[in-house]
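Raw coords_6.cif, mmCIF, C-alpha atoms:
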data_data
#
loop_
_atom_site.label_atom_id
_atom_site.label_comp_id
_atom_site.auth_asym_id
_atom_site.auth_seq_id
_atom_site.Cartn_x
_atom_site.Cartn_y
_atom_site.Cartn_z
CA MET A 8 -17.21 -152.97 4.83
CA GLN A 9 -18.81 -151.83 8.04
CA ARG A 10 -22.47 -152.75 8.25
CA ARG A 11 -24.98 -150.05 9.08
CA PRO A 12 -26.87 -150.60 12.32
CA GLY A 13 -30.38 -151.94 12.05
CA PHE A 14 -33.42 -149.85 12.89
CA PRO A 15 -34.71 -148.79 15.23
CA ALA A 16 -31.35 -147.74 16.58
CA ARG A 17 -31.20 -147.14 20.32
CA LEU A 18 -29.53 -144.44 22.36
CA PRO A 19 -28.04 -144.84 25.83
CA GLY A 20 -30.87 -144.72 28.32
CA SER A 21 -33.56 -145.65 25.79
CA GLY A 22 -33.26 -149.40 26.34
CA PRO A 23 -32.53 -152.25 23.91
CA ALA A 24 -34.71 -153.11 20.94
CA PRO A 25 -36.24 -156.45 22.00
CA ALA A 26 -37.02 -159.28 19.59
CA HIS A 27 -39.93 -160.27 21.84
CA THR A 28 -41.75 -158.76 24.78
CA PRO A 29 -39.35 -158.91 27.75
CA PRO A 30 -40.72 -159.70 31.22
CA LYS A 31 -39.98 -156.16 32.40
CA ALA A 32 -41.98 -154.68 29.54
CA LEU A 33 -44.87 -157.03 30.30
CA ALA A 34 -44.83 -155.92 33.91
CA LEU A 35 -44.83 -152.28 32.83
CA ALA A 36 -47.74 -152.92 30.48
CA GLN A 37 -49.66 -154.59 33.28
CA SER A 38 -48.96 -151.59 35.50
CA ALA A 39 -50.20 -149.24 32.79
CA ARG A 40 -53.28 -151.39 32.34
CA LYS A 41 -54.15 -150.74 35.98
CA VAL A 42 -53.95 -147.00 35.30
CA VAL A 43 -56.27 -147.41 32.32
CA ALA A 44 -58.69 -149.55 34.28
CA ALA A 45 -58.81 -146.96 37.06
CA SER A 46 -59.77 -144.26 34.55
CA PRO A 47 -63.46 -143.69 33.76
CA ALA A 48 -64.41 -145.82 30.78
CA GLY A 49 -66.31 -144.16 28.00
CA VAL A 50 -68.57 -145.70 25.40
CA GLY A 51 -67.97 -147.85 22.35
CA LEU A 52 -64.33 -148.41 21.53
CA ASP A 53 -63.16 -146.26 24.41
CA SER A 54 -63.10 -149.18 26.80
CA ALA A 55 -60.38 -149.84 29.33
CA ALA A 56 -59.59 -153.10 27.54
CA VAL A 57 -58.97 -151.39 24.18
CA ARG A 58 -56.63 -148.81 25.68
CA ALA A 59 -54.84 -151.49 27.67
CA ARG A 60 -54.27 -153.53 24.50
CA MET A 61 -52.72 -150.48 22.86
CA VAL A 62 -50.34 -150.12 25.80
CA GLN A 63 -49.46 -153.81 25.68
CA LYS A 64 -48.60 -153.50 21.99
CA LEU A 65 -46.37 -150.51 22.76
CA ALA A 66 -44.54 -152.55 25.39
CA ALA A 67 -44.20 -155.48 22.98
CA GLY A 68 -42.79 -153.07 20.40
CA GLY A 69 -39.96 -151.97 22.68
CA ILE A 70 -41.28 -149.13 24.83
CA THR A 71 -39.84 -149.79 28.30
CA SER A 72 -40.52 -146.55 30.17
CA ALA A 73 -43.21 -147.05 32.82
CA ALA A 74 -43.97 -143.32 32.78
CA VAL A 75 -44.53 -143.31 29.00
CA LEU A 76 -46.70 -146.43 29.08
CA GLN A 77 -48.81 -144.98 31.87
CA ALA A 78 -49.20 -141.66 30.06
CA MET A 79 -50.21 -143.40 26.84
CA GLY A 80 -52.74 -145.48 28.74
CA ALA A 81 -54.21 -142.50 30.55
CA VAL A 82 -54.77 -140.12 27.61
CA GLU A 83 -57.91 -140.95 25.63
CA ARG A 84 -56.80 -140.77 22.00
CA HIS A 85 -60.34 -141.01 20.65
CA ARG A 86 -61.04 -137.52 21.98
CA PHE A 87 -58.51 -136.08 19.53
CA VAL A 88 -59.75 -137.62 16.26
CA ASP A 89 -62.80 -136.85 14.14
CA SER A 90 -65.93 -138.83 14.98
CA ALA A 91 -65.79 -140.62 11.60
CA LEU A 92 -62.39 -142.07 12.53
CA VAL A 93 -63.03 -142.89 16.17
CA ASN A 94 -63.10 -146.63 15.46
CA GLN A 95 -59.42 -146.35 14.46
CA ALA A 96 -58.38 -144.20 17.42
CA TYR A 97 -56.44 -146.94 19.23
CA GLU A 98 -54.87 -148.56 16.18
CA ASP A 99 -51.21 -147.93 15.54
CA THR A 100 -51.81 -145.63 12.61
CA SER A 101 -51.62 -141.93 11.84
CA LEU A 102 -54.94 -140.26 11.05
CA PRO A 103 -55.90 -137.00 9.30
CA ILE A 104 -56.91 -134.13 11.58
CA GLY A 105 -57.61 -131.51 8.93
CA LEU A 106 -55.63 -128.80 7.13
CA GLY A 107 -53.31 -131.43 5.66
CA GLN A 108 -52.00 -132.50 9.08
CA THR A 109 -52.10 -135.81 10.95
CA ILE A 110 -52.11 -137.25 14.45
CA SER A 111 -49.00 -139.40 14.86
CA LYS A 112 -49.05 -143.14 15.40
CA PRO A 113 -49.15 -144.12 19.10
CA ASN A 114 -45.82 -145.96 18.81
CA VAL A 115 -44.14 -142.88 17.30
CA VAL A 116 -45.47 -140.65 20.08
CA ALA A 117 -44.33 -143.13 22.72
CA ARG A 118 -40.92 -143.62 21.10
CA MET A 119 -40.19 -139.89 20.89
CA CYS A 120 -41.38 -139.31 24.45
CA GLU A 121 -39.17 -142.13 25.71
CA LEU A 122 -36.21 -140.58 23.91
CA LEU A 123 -36.88 -137.27 25.71
CA LEU A 124 -36.84 -139.06 29.05
CA GLY A 125 -33.49 -140.63 28.14
CA ALA A 126 -31.70 -137.28 28.08
CA GLU A 127 -28.95 -136.79 30.65
CA GLY A 128 -30.77 -133.97 32.39
CA ALA A 129 -34.09 -135.83 32.47
CA ARG A 130 -32.49 -138.96 33.93
CA ALA A 131 -30.90 -136.91 36.69
CA GLN A 132 -33.68 -134.46 37.56
CA GLY A 133 -36.82 -135.53 35.71
CA LEU A 134 -38.25 -133.77 32.69
CA GLY A 135 -38.65 -130.06 33.40
CA ARG A 136 -39.93 -127.41 31.00
CA ILE A 137 -40.29 -128.63 27.41
CA LEU A 138 -41.25 -127.15 24.05
CA GLU A 139 -43.41 -128.94 21.47
CA ILE A 140 -43.31 -127.74 17.87
CA GLY A 141 -46.63 -128.50 16.16
CA THR A 142 -49.54 -128.91 18.57
CA GLY A 143 -51.77 -130.45 15.92
CA CYS A 144 -54.92 -131.79 17.55
CA GLY A 145 -53.31 -131.71 21.00
CA TYR A 146 -52.87 -135.45 21.62
CA GLN A 147 -49.11 -135.51 22.02
CA ALA A 148 -49.27 -132.35 24.14
CA ALA A 149 -51.62 -134.15 26.53
CA VAL A 150 -49.21 -137.09 26.78
CA LEU A 151 -46.25 -134.75 27.34
CA SER A 152 -48.11 -132.92 30.11
CA ARG A 153 -48.05 -136.17 32.12
CA LEU A 154 -44.30 -136.56 31.66
CA ALA A 155 -42.94 -133.02 32.11
CA ARG A 156 -43.24 -130.35 34.75
CA GLU A 157 -44.33 -127.75 32.19
CA VAL A 158 -45.14 -127.88 28.45
CA TYR A 159 -45.21 -125.07 25.89
CA SER A 160 -46.77 -126.16 22.61
CA VAL A 161 -46.66 -124.00 19.45
CA GLU A 162 -48.96 -124.38 16.42
CA ARG A 163 -48.72 -122.29 13.24
CA LEU A 164 -52.19 -123.10 11.86
CA ARG A 165 -54.91 -121.16 13.66
CA GLY A 166 -57.55 -123.77 12.85
CA LEU A 167 -55.56 -126.51 14.54
CA HIS A 168 -54.57 -124.28 17.44
CA GLU A 169 -58.25 -123.69 18.15
CA LYS A 170 -59.10 -127.38 17.67
CA ALA A 171 -56.39 -128.40 20.13
CA ARG A 172 -57.63 -125.84 22.63
CA ASP A 173 -61.16 -127.27 22.39
CA ASN A 174 -59.89 -130.87 22.62
CA LEU A 175 -57.73 -130.17 25.66
CA ARG A 176 -60.09 -127.92 27.61
CA PRO A 177 -61.91 -130.84 29.36
CA PHE A 178 -58.57 -132.22 30.61
CA ARG A 179 -57.77 -129.01 32.56
CA LEU A 180 -54.00 -129.43 32.27
CA ALA A 181 -52.59 -126.55 34.29
CA ASN A 182 -49.00 -127.24 33.20
CA LEU A 183 -49.77 -127.07 29.45
CA HIS A 184 -49.60 -123.76 27.56
CA LEU A 185 -50.86 -123.56 23.97
CA LEU A 186 -49.33 -120.91 21.73
CA PHE A 187 -50.26 -119.73 18.25
CA GLY A 188 -47.14 -118.81 16.30
CA ASP A 189 -44.31 -119.83 14.02
CA GLY A 190 -42.80 -122.96 15.51
CA MET A 191 -39.56 -122.55 13.59
CA LEU A 192 -38.81 -119.61 15.87
CA GLY A 193 -39.38 -121.70 18.98
CA TYR A 194 -40.57 -119.73 22.00
CA ALA A 195 -37.72 -117.72 23.50
CA LYS A 196 -39.73 -116.48 26.49
CA GLY A 197 -39.93 -120.00 27.92
CA ALA A 198 -36.29 -120.94 27.26
CA PRO A 199 -34.12 -122.67 28.19
CA TYR A 200 -35.93 -125.99 27.67
CA ALA A 201 -35.04 -129.35 29.12
CA ALA A 202 -36.35 -130.90 25.89
CA ILE A 203 -37.74 -129.91 22.50
CA ILE A 204 -39.87 -132.21 20.36
CA ALA A 205 -41.07 -131.52 16.82
CA ALA A 206 -43.99 -133.04 14.93
CA ALA A 207 -42.82 -131.86 11.49
CA GLY A 208 -39.62 -132.39 9.56
CA GLY A 209 -37.45 -130.03 7.55
CA ASP A 210 -34.10 -130.14 5.79
CA ALA A 211 -32.33 -128.71 8.83
CA VAL A 212 -32.98 -128.06 12.50
CA PRO A 213 -33.71 -124.35 13.07
CA GLN A 214 -30.93 -122.60 14.97
CA ALA A 215 -33.51 -121.10 17.33
CA TRP A 216 -34.32 -124.56 18.68
CA CYS A 217 -30.69 -125.33 19.44
CA ASP A 218 -30.24 -121.92 21.07
CA GLN A 219 -33.29 -122.44 23.29
CA LEU A 220 -32.27 -125.94 24.41
CA ALA A 221 -30.71 -126.12 27.87
CA VAL A 222 -27.34 -127.75 28.47
CA GLY A 223 -28.11 -131.38 29.33
CA GLY A 224 -31.30 -131.16 27.29
CA ARG A 225 -32.37 -133.17 24.26
CA LEU A 226 -34.06 -132.28 20.99
CA VAL A 227 -36.01 -134.97 19.10
CA ALA A 228 -37.24 -134.18 15.60
CA PRO A 229 -37.63 -135.68 12.13
CA MET A 230 -35.21 -134.40 9.50
CA ALA A 231 -35.04 -134.95 5.74
CA LEU A 232 -31.68 -136.22 4.51
CA SER A 233 -30.18 -135.44 1.10
CA GLY A 234 -32.09 -138.29 -0.56
CA GLY A 235 -35.39 -137.02 0.77
CA GLN A 236 -35.81 -139.80 3.36
CA GLN A 237 -36.92 -138.53 6.75
CA MET A 238 -34.99 -139.87 9.73
CA LEU A 239 -35.54 -139.39 13.44
CA LEU A 240 -32.86 -137.05 14.73
CA VAL A 241 -31.71 -136.66 18.33
CA ILE A 242 -29.53 -133.73 19.40
CA ASP A 243 -28.06 -133.63 22.90
CA LYS A 244 -26.69 -130.32 24.15
CA THR A 245 -23.56 -130.90 26.20
CA PRO A 246 -21.19 -128.43 27.88
CA HIS A 247 -18.89 -129.05 24.90
CA GLY A 248 -21.46 -128.52 22.14
CA LEU A 249 -24.15 -130.43 20.25
CA LYS A 250 -24.07 -134.21 19.81
CA GLN A 251 -26.22 -135.57 16.99
CA SER A 252 -27.61 -139.08 16.50
CA VAL A 253 -29.61 -140.29 13.50
CA LEU A 254 -32.06 -143.09 14.29
CA GLU A 255 -34.82 -144.85 12.34
CA PRO A 256 -36.80 -143.70 9.27
CA VAL A 257 -40.00 -141.80 10.01
CA HIS A 258 -42.70 -140.00 8.06
CA PHE A 259 -43.93 -136.59 9.23
CA VAL A 260 -45.58 -133.63 7.55
CA PRO A 261 -43.15 -130.97 6.26
CA LEU A 262 -41.87 -128.27 8.60
CA LYS A 263 -43.03 -124.85 7.43
CA SER A 264 -42.48 -121.28 8.57
CA GLY A 265 -44.98 -118.52 9.18
CA ILE A 266 -48.55 -118.69 10.43
CA ALA A 267 -51.79 -119.39 8.59
#

Please go through the file and, once you have read it, give me the structure as structure tokens.
Amino acid sequence: MQRRPGFPARLPGSGPAPAHTPPKALALAQSARKVVAASPAGVGLDSAAVRARMVQKLAAGGITSAAVLQAMGAVERHRFVDSALVNQAYEDTSLPIGLGQTISKPNVVARMCELLLGAEGARAQGLGRILEIGTGCGYQAAVLSRLAREVYSVERLRGLHEKARDNLRPFRLANLHLLFGDGMLGYAKGAPYAAIIAAAGGDAVPQAWCDQLAVGGRLVAPMALSGGQQMLLVIDKTPHGLKQSVLEPVHFVPLKSGIA
């Protein structure tokens, strides 16, 4: 009987899953720590040391992309959580952001971003225009803006759309566009996209997302399997069609249609 691969499974270009922190990952974490240290330190738990420790843990957990580690070290996660939860901002945990939604764990954000960078098109030309489904509080959008040339982010809940807009305004990210709308429809005006990333999981990937993905692009999203277990799904769009890979178990809020 063929054994199932262990999790997290890896895709070509996403690097091996290390049993310990490899020297390369340590070097990348040290590089990211310099980025954090060069950023203005805030007060309380928003110290350069705390953010650097988060980045080191990401590297120890298998994140090998220097660009992702630097982006995670540069974006101040505490600015995207409620003040009552700020002492947990740099822990590897998801946190409530209101309206039944959550901010994803740092390692999940980093993992999905690294998968986007592993797409064939991104490896050859860098990450161009991308689409994020589910802006939430805006944290992942801020990270993505440091990795891609242009980011369109769609949120279906007006309250969260407005919260993300307020959270992101001080960052002045000229390449990030926030949209209020039904994420299941994607955003055809910005297509085709070099990558699409979703922060909510459904029973199937909407056809609109696949249609709006460029050839050579990659879609990363959670999807519920027949047993109800959510798995991280990667779809690569090739000249010959769609290639699907199912990776590790994840836990995201449900994907819903419409606006509210």

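Picture a line from atom CA of A:His85 to atom CA of A:Ala117; it runs 16.3 Å.
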
Q. If you apply the PyMOL selection byres ((chain A and resi 102) around 8) to this file, what residues do you get, as an MDAnalysis selection string?
A. chainID A and resid 88 92 100:101 103:104 109:112

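Here the PyMOL selection byres ((chain A and resi 79) around 8) catches exactly these residues: Val62, Val75, Leu76, Gln77, Ala78, Gly80, Ala81, Val82, Pro113, Ala117 and Val150 of chain A.
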
Using all atoms listed in the file, find each residue of stretch 224-252 of chain A with at least one atom at most 10 Å away from an atom of stretch 260-265 of chain A; report its shortest atom-to-atom pair and that distance in Å (one decimal), sort the rows by chain and rising residue number, and return the result as a tab-separated table.
residue	atom	partner	partner_atom	distance
A:Pro229	CA	A:Leu262	CA	9.2
A:Met230	CA	A:Leu262	CA	9.1
A:Ala231	CA	A:Pro261	CA	9.0
A:Gln237	CA	A:Pro261	CA	9.8

Q. Could you name the residues that touch A:Leu106 at 9 Å or less, counting only C-alpha atoms, but leaving out those on the same chain fewer than 6 positions away, as a ChimeraX atom specification?
A. /A:164,166-167

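Residues in contact with A:Phe178 at up to 10 Å, not including ones fewer than 4 positions away on its chain and judged by only C-alpha atoms, are Val82, Ala149, Asp173 and Asn174 of chain A.
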